[in-house]
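Here's protein_30.txt, which has compact mmCIF, C-alpha atoms and all ligand atoms:
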```
# COMPACT_ATOMS: atom_id res chain seq x y z
CA MET A 20 -20.36 35.57 261.88
CA SER A 21 -23.05 33.57 263.68
CA GLU A 22 -22.33 31.10 266.46
CA GLN A 23 -22.86 28.24 264.00
CA ASP A 24 -20.30 29.68 261.60
CA THR A 25 -17.56 29.98 264.18
CA PRO A 26 -14.54 28.13 262.79
CA PHE A 27 -12.42 25.98 265.02
CA ASP A 28 -9.51 27.43 266.99
CA ILE A 29 -7.50 24.31 267.88
CA VAL A 30 -7.65 21.48 265.34
CA GLY A 31 -6.40 17.96 265.90
CA ILE A 32 -5.30 15.75 263.04
CA VAL A 33 -5.03 11.98 263.44
CA GLY A 34 -2.54 10.47 260.97
CA ALA A 35 0.61 12.35 259.95
CA GLY A 36 0.81 10.79 256.49
CA ALA A 37 0.39 12.44 253.10
CA MET A 38 -3.05 13.85 253.87
CA GLY A 39 -2.57 14.72 257.53
CA ARG A 40 0.54 16.76 256.74
CA GLY A 41 -1.14 18.65 253.94
CA ILE A 42 -4.14 19.52 256.12
CA ALA A 43 -1.79 20.56 258.95
CA GLN A 44 0.09 22.85 256.58
CA ILE A 45 -2.89 24.78 255.24
CA ALA A 46 -4.56 25.05 258.64
CA ALA A 47 -1.36 26.36 260.27
CA GLN A 48 -0.80 28.82 257.42
CA ALA A 49 -4.34 30.11 258.03
CA GLY A 50 -3.50 30.82 261.68
CA VAL A 51 -5.05 27.70 263.27
CA THR A 52 -3.26 25.85 266.08
CA VAL A 53 -2.75 22.23 264.97
CA ARG A 54 -2.12 19.11 267.02
CA LEU A 55 -0.75 16.50 264.63
CA TYR A 56 -1.14 13.06 266.21
CA ASP A 57 0.13 9.74 264.88
CA ALA A 58 0.51 6.41 266.65
CA ASN A 59 3.92 6.12 265.01
CA GLN A 60 6.62 8.45 266.37
CA THR A 61 8.64 8.20 263.15
CA ALA A 62 5.64 9.37 261.12
CA VAL A 63 5.35 12.48 263.33
CA GLU A 64 9.07 13.23 262.95
CA GLN A 65 8.97 12.71 259.18
CA ALA A 66 5.89 14.93 258.90
CA ARG A 67 7.60 17.75 260.81
CA ALA A 68 10.69 17.47 258.61
CA ALA A 69 8.56 17.41 255.43
CA LEU A 70 6.50 20.41 256.58
CA ALA A 71 9.67 22.36 257.41
CA GLU A 72 11.02 21.57 253.95
CA THR A 73 7.79 22.48 252.12
CA LEU A 74 7.26 25.74 254.01
CA GLY A 75 10.99 26.50 253.64
CA LYS A 76 10.71 26.11 249.84
CA LEU A 77 7.67 28.42 249.76
CA ALA A 78 9.70 31.03 251.69
CA SER A 79 12.80 30.68 249.53
CA LYS A 80 10.68 31.12 246.38
CA GLY A 81 9.17 34.27 247.89
CA LYS A 82 5.64 32.82 248.05
CA ILE A 83 5.44 33.38 251.80
CA ARG A 84 7.54 35.51 254.15
CA GLU A 85 10.11 33.84 256.44
CA SER A 86 8.10 35.09 259.41
CA GLU A 87 5.00 33.32 258.01
CA ARG A 88 6.98 30.10 257.60
CA ASP A 89 8.20 30.29 261.20
CA ALA A 90 4.74 31.15 262.55
CA ALA A 91 3.09 28.28 260.63
CA LEU A 92 5.67 25.76 261.85
CA ALA A 93 5.31 27.01 265.43
CA ARG A 94 1.55 26.37 265.25
CA ILE A 95 2.02 22.65 264.44
CA HIS A 96 2.51 20.49 267.52
CA GLY A 97 3.36 16.85 266.86
CA CYS A 98 2.24 14.23 269.39
CA VAL A 99 2.02 10.47 269.87
CA ALA A 100 -0.60 10.40 272.64
CA VAL A 101 -4.27 10.79 271.76
CA GLU A 102 -4.78 12.66 275.07
CA ALA A 103 -2.90 15.60 273.53
CA LEU A 104 -6.05 16.24 271.44
CA ALA A 105 -8.19 16.94 274.53
CA ASP A 106 -8.48 20.71 273.88
CA CYS A 107 -9.31 20.42 270.16
CA SER A 108 -12.69 21.74 269.00
CA LEU A 109 -12.31 19.85 265.71
CA VAL A 110 -10.44 16.59 265.04
CA ILE A 111 -9.78 15.41 261.50
CA GLU A 112 -8.98 11.71 261.12
CA ALA A 113 -6.73 10.74 258.18
CA ILE A 114 -5.53 7.19 258.87
CA VAL A 115 -5.80 3.86 257.09
CA GLU A 116 -8.99 3.25 255.03
CA LYS A 117 -10.49 0.53 257.26
CA LEU A 118 -13.85 1.00 258.93
CA GLU A 119 -13.06 -0.94 262.11
CA VAL A 120 -9.76 0.94 262.63
CA LYS A 121 -11.43 4.31 262.08
CA ARG A 122 -14.25 3.39 264.48
CA ALA A 123 -11.72 2.43 267.14
CA VAL A 124 -9.97 5.78 266.72
CA PHE A 125 -13.27 7.69 266.95
CA GLY A 126 -13.95 5.80 270.19
CA GLN A 127 -10.54 6.89 271.54
CA LEU A 128 -11.25 10.47 270.49
CA GLU A 129 -14.65 10.59 272.18
CA ALA A 130 -12.96 9.53 275.43
CA VAL A 131 -10.67 12.59 275.41
CA VAL A 132 -12.36 15.53 273.62
CA ALA A 133 -15.11 17.83 274.96
CA ASP A 134 -18.73 16.87 274.28
CA ASP A 135 -19.16 19.68 271.75
CA ALA A 136 -16.01 18.90 269.74
CA VAL A 137 -16.65 17.97 266.10
CA LEU A 138 -15.07 14.76 264.76
CA VAL A 139 -14.57 14.26 261.03
CA SER A 140 -13.08 11.63 258.76
CA ASN A 141 -11.05 12.28 255.62
CA THR A 142 -12.22 8.90 254.34
CA SER A 143 -12.34 8.50 250.54
CA SER A 144 -15.05 5.86 250.46
CA LEU A 145 -16.32 4.66 253.83
CA SER A 146 -19.75 5.50 255.21
CA ILE A 147 -19.80 8.48 257.55
CA THR A 148 -23.00 7.05 259.05
CA ALA A 149 -21.20 3.76 259.78
CA ILE A 150 -18.22 5.57 261.36
CA GLY A 151 -20.58 7.73 263.45
CA ALA A 152 -22.72 4.74 264.49
CA GLY A 153 -19.86 3.53 266.69
CA CYS A 154 -19.85 6.86 268.56
CA ARG A 155 -21.63 8.03 271.70
CA ARG A 156 -22.56 11.28 269.92
CA PRO A 157 -22.95 10.50 266.20
CA GLU A 158 -24.52 13.95 265.65
CA ARG A 159 -21.03 15.55 265.84
CA VAL A 160 -19.49 13.17 263.28
CA ALA A 161 -19.13 14.19 259.60
CA GLY A 162 -16.89 13.73 256.58
CA LEU A 163 -14.33 16.31 255.41
CA HIS A 164 -12.67 14.85 252.35
CA PHE A 165 -9.57 16.68 251.12
CA PHE A 166 -7.65 15.84 247.96
CA ASN A 167 -3.98 15.17 247.38
CA PRO A 168 -1.86 17.34 247.40
CA VAL A 169 -3.98 19.26 249.91
CA PRO A 170 -2.36 22.72 249.52
CA LEU A 171 -2.94 22.66 245.75
CA MET A 172 -6.33 20.93 245.48
CA LYS A 173 -8.51 23.71 246.78
CA VAL A 174 -11.81 21.90 247.07
CA VAL A 175 -13.11 19.69 249.86
CA GLU A 176 -16.18 17.47 250.13
CA VAL A 177 -18.32 18.04 253.26
CA ILE A 178 -20.39 14.94 254.03
CA ASP A 179 -23.28 14.56 256.47
CA GLY A 180 -23.97 11.15 257.95
CA ALA A 181 -27.54 10.10 258.76
CA HIS A 182 -27.15 11.43 262.32
CA THR A 183 -25.02 14.53 261.68
CA ALA A 184 -26.47 17.75 263.16
CA PRO A 185 -27.08 20.35 260.40
CA GLU A 186 -24.94 23.03 262.09
CA VAL A 187 -21.88 20.75 261.91
CA ALA A 188 -21.75 20.96 258.11
CA THR A 189 -22.22 24.75 258.31
CA ARG A 190 -19.24 25.10 260.65
CA LEU A 191 -17.14 22.76 258.53
CA ALA A 192 -17.91 24.78 255.40
CA ALA A 193 -16.81 27.95 257.26
CA PHE A 194 -13.61 26.18 258.36
CA ALA A 195 -12.90 25.04 254.78
CA ARG A 196 -13.17 28.66 253.60
CA GLN A 197 -11.01 29.88 256.49
CA ILE A 198 -8.18 27.61 255.33
CA GLY A 199 -8.56 28.69 251.69
CA HIS A 200 -10.65 25.82 250.33
CA THR A 201 -14.06 25.64 248.68
CA PRO A 202 -16.54 23.30 250.40
CA VAL A 203 -18.82 21.09 248.28
CA LYS A 204 -21.67 19.23 249.98
CA ALA A 205 -22.00 15.52 249.26
CA LYS A 206 -24.38 12.81 250.42
CA ASP A 207 -23.10 9.81 252.36
CA MET A 208 -22.85 7.42 249.42
CA PRO A 209 -19.83 5.18 248.72
CA GLY A 210 -17.07 7.34 247.20
CA PHE A 211 -19.16 10.54 247.61
CA ILE A 212 -18.63 12.61 244.43
CA VAL A 213 -15.00 12.36 243.34
CA ASN A 214 -14.27 8.73 244.11
CA HIS A 215 -17.58 7.70 242.58
CA ALA A 216 -16.92 9.64 239.37
CA GLY A 217 -13.31 8.45 239.57
CA ARG A 218 -14.40 4.85 238.94
CA GLY A 219 -15.11 5.98 235.39
CA MET A 220 -11.47 6.96 234.98
CA ASN A 221 -9.41 4.60 237.17
CA THR A 222 -11.42 1.39 236.84
CA GLU A 223 -11.97 1.85 233.11
CA GLY A 224 -8.33 2.90 232.62
CA LEU A 225 -7.26 -0.34 234.29
CA ARG A 226 -9.68 -2.30 232.11
CA ILE A 227 -8.23 -0.73 228.96
CA ALA A 228 -4.72 -1.71 230.11
CA GLN A 229 -5.89 -5.20 231.11
CA GLU A 230 -7.41 -5.73 227.65
CA GLY A 231 -4.06 -4.78 226.12
CA VAL A 232 -5.49 -1.82 224.22
CA ALA A 233 -2.76 0.62 225.27
CA SER A 234 0.11 1.11 227.70
CA PHE A 235 -0.21 2.91 231.05
CA ALA A 236 1.73 5.89 229.66
CA ASP A 237 -0.40 6.16 226.52
CA ILE A 238 -3.66 5.97 228.46
CA ASP A 239 -2.37 8.71 230.78
CA ARG A 240 -1.27 10.87 227.85
CA ILE A 241 -4.67 10.64 226.13
CA VAL A 242 -6.60 11.36 229.31
CA ARG A 243 -4.39 14.40 230.00
CA GLU A 244 -4.02 15.83 226.53
CA GLN A 245 -7.33 14.90 224.94
CA ALA A 246 -9.75 14.73 227.87
CA GLY A 247 -8.10 17.65 229.71
CA PHE A 248 -7.44 16.02 233.10
CA ARG A 249 -4.38 17.19 235.09
CA LEU A 250 -3.23 13.59 235.60
CA GLY A 251 -4.08 10.33 233.88
CA PRO A 252 -5.40 7.37 235.95
CA PHE A 253 -2.00 5.70 236.43
CA GLU A 254 -0.25 8.95 237.34
CA LEU A 255 -3.03 9.63 239.82
CA MET A 256 -2.86 6.14 241.35
CA ASP A 257 0.93 6.54 241.70
CA LEU A 258 0.38 9.83 243.51
CA THR A 259 -2.34 8.45 245.81
CA ALA A 260 -0.43 5.16 246.37
CA LEU A 261 -2.01 1.73 245.86
CA ASP A 262 -2.13 0.91 249.57
CA VAL A 263 -4.63 3.78 249.77
CA SER A 264 -6.43 3.59 246.39
CA HIS A 265 -6.86 -0.21 246.06
CA PRO A 266 -8.81 -0.49 249.37
CA VAL A 267 -10.92 2.47 248.19
CA MET A 268 -11.75 0.60 244.96
CA GLU A 269 -12.63 -2.56 246.89
CA SER A 270 -14.71 -0.66 249.41
CA ILE A 271 -16.80 1.15 246.77
CA TYR A 272 -17.32 -2.11 244.84
CA HIS A 273 -18.55 -4.00 247.92
CA GLN A 274 -20.70 -1.15 249.24
CA PHE A 275 -22.53 -1.03 245.89
CA TYR A 276 -23.26 -4.78 246.23
CA GLU A 277 -20.65 -5.95 243.70
CA GLU A 278 -21.86 -3.61 240.96
CA PRO A 279 -19.87 -4.91 237.92
CA ARG A 280 -18.91 -1.46 236.62
CA PHE A 281 -17.03 -0.77 239.88
CA ARG A 282 -15.17 -4.13 239.95
CA PRO A 283 -11.48 -3.52 240.84
CA SER A 284 -8.74 -4.89 238.62
CA PRO A 285 -6.32 -7.74 239.37
CA ILE A 286 -3.64 -5.35 238.10
CA THR A 287 -3.83 -3.19 241.24
CA ALA A 288 -4.23 -6.20 243.57
CA GLN A 289 -1.06 -7.78 242.15
CA ARG A 290 0.97 -4.59 242.19
CA LEU A 291 -0.09 -3.85 245.74
CA ALA A 292 1.05 -7.35 246.79
CA GLY A 293 4.35 -6.68 245.01
CA GLY A 294 4.98 -3.43 246.87
CA LEU A 295 4.67 -1.30 243.72
CA LEU A 296 2.73 1.38 245.57
CA GLY A 297 3.63 4.45 243.52
CA ARG A 298 5.70 7.55 244.15
CA LYS A 299 6.18 6.77 247.82
CA THR A 300 8.06 3.54 247.02
CA GLN A 301 9.74 5.07 243.92
CA ALA A 302 8.01 2.41 241.81
CA GLY A 303 4.39 2.03 240.80
CA PHE A 304 3.00 2.17 237.29
CA TYR A 305 6.12 4.28 236.64
CA ARG A 306 9.59 4.17 238.17
CA TYR A 307 10.70 7.41 239.81
CA VAL A 308 14.20 8.81 239.86
CA ASP A 309 14.60 12.00 241.94
CA GLY A 310 10.81 12.26 241.96
CA LYS A 311 10.58 12.24 238.12
CA PRO A 312 8.63 9.45 236.35
CA GLN A 313 10.61 7.32 233.90
CA ILE A 314 8.38 6.64 230.91
CA ASP A 315 9.08 2.98 230.21
CA ALA A 316 5.65 1.69 231.23
P1 LIG A 401 -0.79 7.47 254.82
O1 LIG A 401 -0.58 6.01 254.78
O2 LIG A 401 0.16 8.39 254.12
O3 LIG A 401 -0.84 7.97 256.36
C1 LIG A 401 -1.65 7.35 257.35
C2 LIG A 401 -1.01 7.65 258.72
O4 LIG A 401 -1.94 7.19 259.73
C3 LIG A 401 0.29 6.90 258.97
O5 LIG A 401 1.31 7.82 259.35
C4 LIG A 401 -0.02 5.92 260.13
O6 LIG A 401 1.06 5.75 261.03
C5 LIG A 401 -1.21 6.62 260.80
N1 LIG A 401 -2.10 5.70 261.51
C6 LIG A 401 -2.60 4.52 261.05
N2 LIG A 401 -3.40 3.98 261.98
C7 LIG A 401 -3.42 4.85 263.05
C8 LIG A 401 -4.09 4.86 264.30
N3 LIG A 401 -4.90 3.85 264.65
N4 LIG A 401 -3.89 5.91 265.14
C9 LIG A 401 -3.07 6.92 264.79
N5 LIG A 401 -2.39 6.98 263.60
C10 LIG A 401 -2.58 5.95 262.74
O7 LIG A 401 -2.30 7.71 254.31
P2 LIG A 401 -2.92 8.97 253.52
O8 LIG A 401 -2.59 8.89 252.09
O9 LIG A 401 -2.58 10.20 254.29
O10 LIG A 401 -4.49 8.63 253.64
C11 LIG A 401 -5.16 8.72 254.89
C12 LIG A 401 -6.67 8.73 254.67
O11 LIG A 401 -7.00 9.79 253.76
C13 LIG A 401 -7.29 7.46 254.09
O12 LIG A 401 -8.56 7.28 254.67
C14 LIG A 401 -7.43 7.79 252.62
O13 LIG A 401 -8.47 7.06 251.99
C15 LIG A 401 -7.76 9.28 252.67
N6 LIG A 401 -7.38 10.02 251.46
C16 LIG A 401 -6.18 9.79 250.83
C17 LIG A 401 -5.86 10.48 249.67
C18 LIG A 401 -4.56 10.25 248.96
O14 LIG A 401 -4.44 10.67 247.79
N7 LIG A 401 -3.56 9.65 249.57
C19 LIG A 401 -6.78 11.47 249.09
C20 LIG A 401 -7.98 11.70 249.87
C21 LIG A 401 -8.26 10.95 251.00
```

Represent the structure from my file as structure tokens, please.
Amino acid sequence: MSEQDTPFDIVGIVGAGAMGRGIAQIAAQAGVTVRLYDANQTAVEQARAALAETLGKLASKGKIRESERDAALARIHGCVAVEALADCSLVIEAIVEKLEVKRAVFGQLEAVVADDAVLVSNTSSLSITAIGAGCRRPERVAGLHFFNPVPLMKVVEVIDGAHTAPEVATRLAAFARQIGHTPVKAKDMPGFIVNHAGRGMNTEGLRIAQEGVASFADIDRIVREQAGFRLGPFELMDLTALDVSHPVMESIYHQFYEEPRFRPSPITAQRLAGGLLGRKTQAGFYRYVDGKPQIDA
């Protein structure tokens, strides 16, 4: 393996939410030391408990050995101080989808990591160039966009910003393979590949519902059973959660200069305001009882 292909030995993750935990899990299972940082102590504790449960289930089903479960958990170190990321050669940011908040975090990271550490964002829609522009060394900033749930969705978008050094994407692609994922290169355009193509499903699905053509459940059923998708748009939005997916829809719409075909729907704005976020609040487009959707939508 060439110098440029060398994967990263100690990886920091900023944000211990749905995405941060999933990335921590697959990296730790692949033998990488992980520092899982969140500004919120409770989020770190919940992530550790969730990771112990998930890895425990994999062991009890015989998918991994108990020794592998223990070793993976031992490689994940939770922390609430950004300084704990000082020895990381790669830091993956997975926090709220707001440019100014991400830029502030990248600034904090640059103050603690080594000059040759690579900094990436798991952003779904924001410009990697814009995130990097706030940095002292924008050439080490890139996008590494995983999908939810990370251990099952085995593809990841690797995005260069305008200033990203070419070897950064090469190393990130090697890292993606090391942790069992397939890297796909994407240009720094709003929504990259998946969340750009996804407008065709989510935004149009919302429009169909808004026009009263069909119910959420029937649109999902058709998209799954006829078009062959794993999840319909409303099932997917419930999985992602509206506090994550609605800002992504707004961001893509505005970045494309209010392109009408990307216009978000008042349905998601209203539901977000009403706290109907999806699975994580047990109520979104569907209600959830013991994690199972109740089809009364
Ligand atoms: P989440 O809401 O589950 O977790 C975000 C975590 O970040 C929270 O624990 C919060 O305490 C922490 N956080 C927020 N601001 C922080 C700061 N300044 N410093 C340190 N920690 C901070 O969010 P989720 O779903 O994990 O999404 C995170 C990112 O990943 C977003 O950019 C989102 O667009 C992207 N993404 C989300 C997907 C999904 O399906 N949920 C899929 C692909 C990308």

Excluding Gln197 in chain A and residues on its chain fewer than 2 positions from it, collect all residues at most 12 Å away from it, counting all atoms listed in the file, and give them as a short mmCIF file (atom, residue, chain, number, x, y, z; two decimals) with C-alpha atoms, in the frame of the given file.
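Done, and the output landed in part30.cif:
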```
data_model
loop_
_atom_site.label_atom_id
_atom_site.label_comp_id
_atom_site.auth_asym_id
_atom_site.auth_seq_id
_atom_site.Cartn_x
_atom_site.Cartn_y
_atom_site.Cartn_z
CA ASP A 24 -20.30 29.68 261.60
CA THR A 25 -17.56 29.98 264.18
CA PRO A 26 -14.54 28.13 262.79
CA PHE A 27 -12.42 25.98 265.02
CA ASP A 28 -9.51 27.43 266.99
CA ILE A 45 -2.89 24.78 255.24
CA ALA A 46 -4.56 25.05 258.64
CA ALA A 47 -1.36 26.36 260.27
CA GLN A 48 -0.80 28.82 257.42
CA ALA A 49 -4.34 30.11 258.03
CA GLY A 50 -3.50 30.82 261.68
CA VAL A 51 -5.05 27.70 263.27
CA LYS A 173 -8.51 23.71 246.78
CA ARG A 190 -19.24 25.10 260.65
CA LEU A 191 -17.14 22.76 258.53
CA ALA A 192 -17.91 24.78 255.40
CA ALA A 193 -16.81 27.95 257.26
CA PHE A 194 -13.61 26.18 258.36
CA ALA A 195 -12.90 25.04 254.78
CA GLY A 199 -8.56 28.69 251.69
CA HIS A 200 -10.65 25.82 250.33
CA THR A 201 -14.06 25.64 248.68
CA PRO A 202 -16.54 23.30 250.40
#
```

* Counting all atoms listed in the file, name the residues that have an atom within 9 Å of an atom of ligand LIG 401 (chain A); the answer should be given as a PyMOL selection string. => chain A and resi 33-41+56-63+66+99-101+112-117+120-121+123-124+140-145+164-169+255-256+258-264+266-267+299

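Among A:Asp106, A:Ala152, A:Ile212, A:Ala136, the residue with the shortest atom-to-atom distance to Arg122 in chain A, counting all atoms listed in the file, is A:Ala152.
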
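When all atoms listed in the file are used to measure the gap to Glu158 in chain A, the shortest distance among A:Glu64, A:Asp179, A:Asp207, A:Glu223 belongs to A:Asp179.
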
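Only residues having an atom at most 7 Å from (-21.6, 9.7, 260.8) are included; using all atoms listed in the file, these are Ile147, Thr148, Ala149, Ile150, Gly151, Ala152, Pro157, Val160, Ala161, Asp179, Gly180, Ala181, His182 and Thr183 of chain A.
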
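The nearest approach to Leu225 in chain A among the residues A:Leu109, A:Ile286, A:Val53, A:Val213, with only C-alpha atoms taken into account, belongs to A:Ile286.
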
As AutoDock Vina command-line options, what would the box around range 171-183 of chain A look like: edges along x, y and z, 8 Å added on every side, centre and edge lengths in Å to one decimal?
```
--center_x -15.2 --center_y 16.9 --center_z 253.9 --size_x 40.6 --size_y 29.6 --size_z 32.8
```

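With CA of Lys206 in chain A on one side and CA of Val137 in chain A on the other, the separation reads 18.2 Å.
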
* Asked: What does the distance from CA of Ile95 in chain A to CA of Lys76 in chain A come to in Å, to one decimal?
  -> 17.3 Å

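One distance worth recording is that between CA of Lys80 in chain A and CA of Arg94 in chain A, which is 21.5 Å.
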
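Among the candidate residues A:Thr73, A:Cys107, A:Met208, A:Ala78, the one lying nearest to Ile32 in chain A is A:Cys107, with distances computed using only C-alpha atoms.
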
* Asked: Hey, which of A:Phe125, A:Arg156, A:Leu77, A:Phe211 ends up closest to Gln274 in chain A? Count only C-alpha atoms.
  -> A:Phe211

* Find the residues near range 236-238 of chain A: any atom within 10 Å, counting all atoms listed in the file, skip ones fewer than 6 places away on the same chain, and give them as a ChimeraX atom specification. => /A:224-225,227-228,251-254,304-305,313-316

Just want the 12 Å neighbourhood of Gln289 in chain A, counted on all atoms listed in the file, with same-chain residues fewer than 4 positions away dropped. Output as a compact mmCIF listing (two decimals) with C-alpha atoms, in the frame of the given file.
```
# COMPACT_ATOMS: atom_id res chain seq x y z
CA LEU A 261 -2.01 1.73 245.86
CA ASP A 262 -2.13 0.91 249.57
CA HIS A 265 -6.86 -0.21 246.06
CA PRO A 283 -11.48 -3.52 240.84
CA SER A 284 -8.74 -4.89 238.62
CA PRO A 285 -6.32 -7.74 239.37
CA GLY A 293 4.35 -6.68 245.01
CA GLY A 294 4.98 -3.43 246.87
CA LEU A 295 4.67 -1.30 243.72
CA LEU A 296 2.73 1.38 245.57
CA GLY A 303 4.39 2.03 240.80
CA PHE A 304 3.00 2.17 237.29
```

* Asked: So, counting all atoms listed in the file, which residue among A:Gly31, A:Val139, A:Gly210, A:Arg282 is closest to Ala188 in chain A?
  -> A:Val139
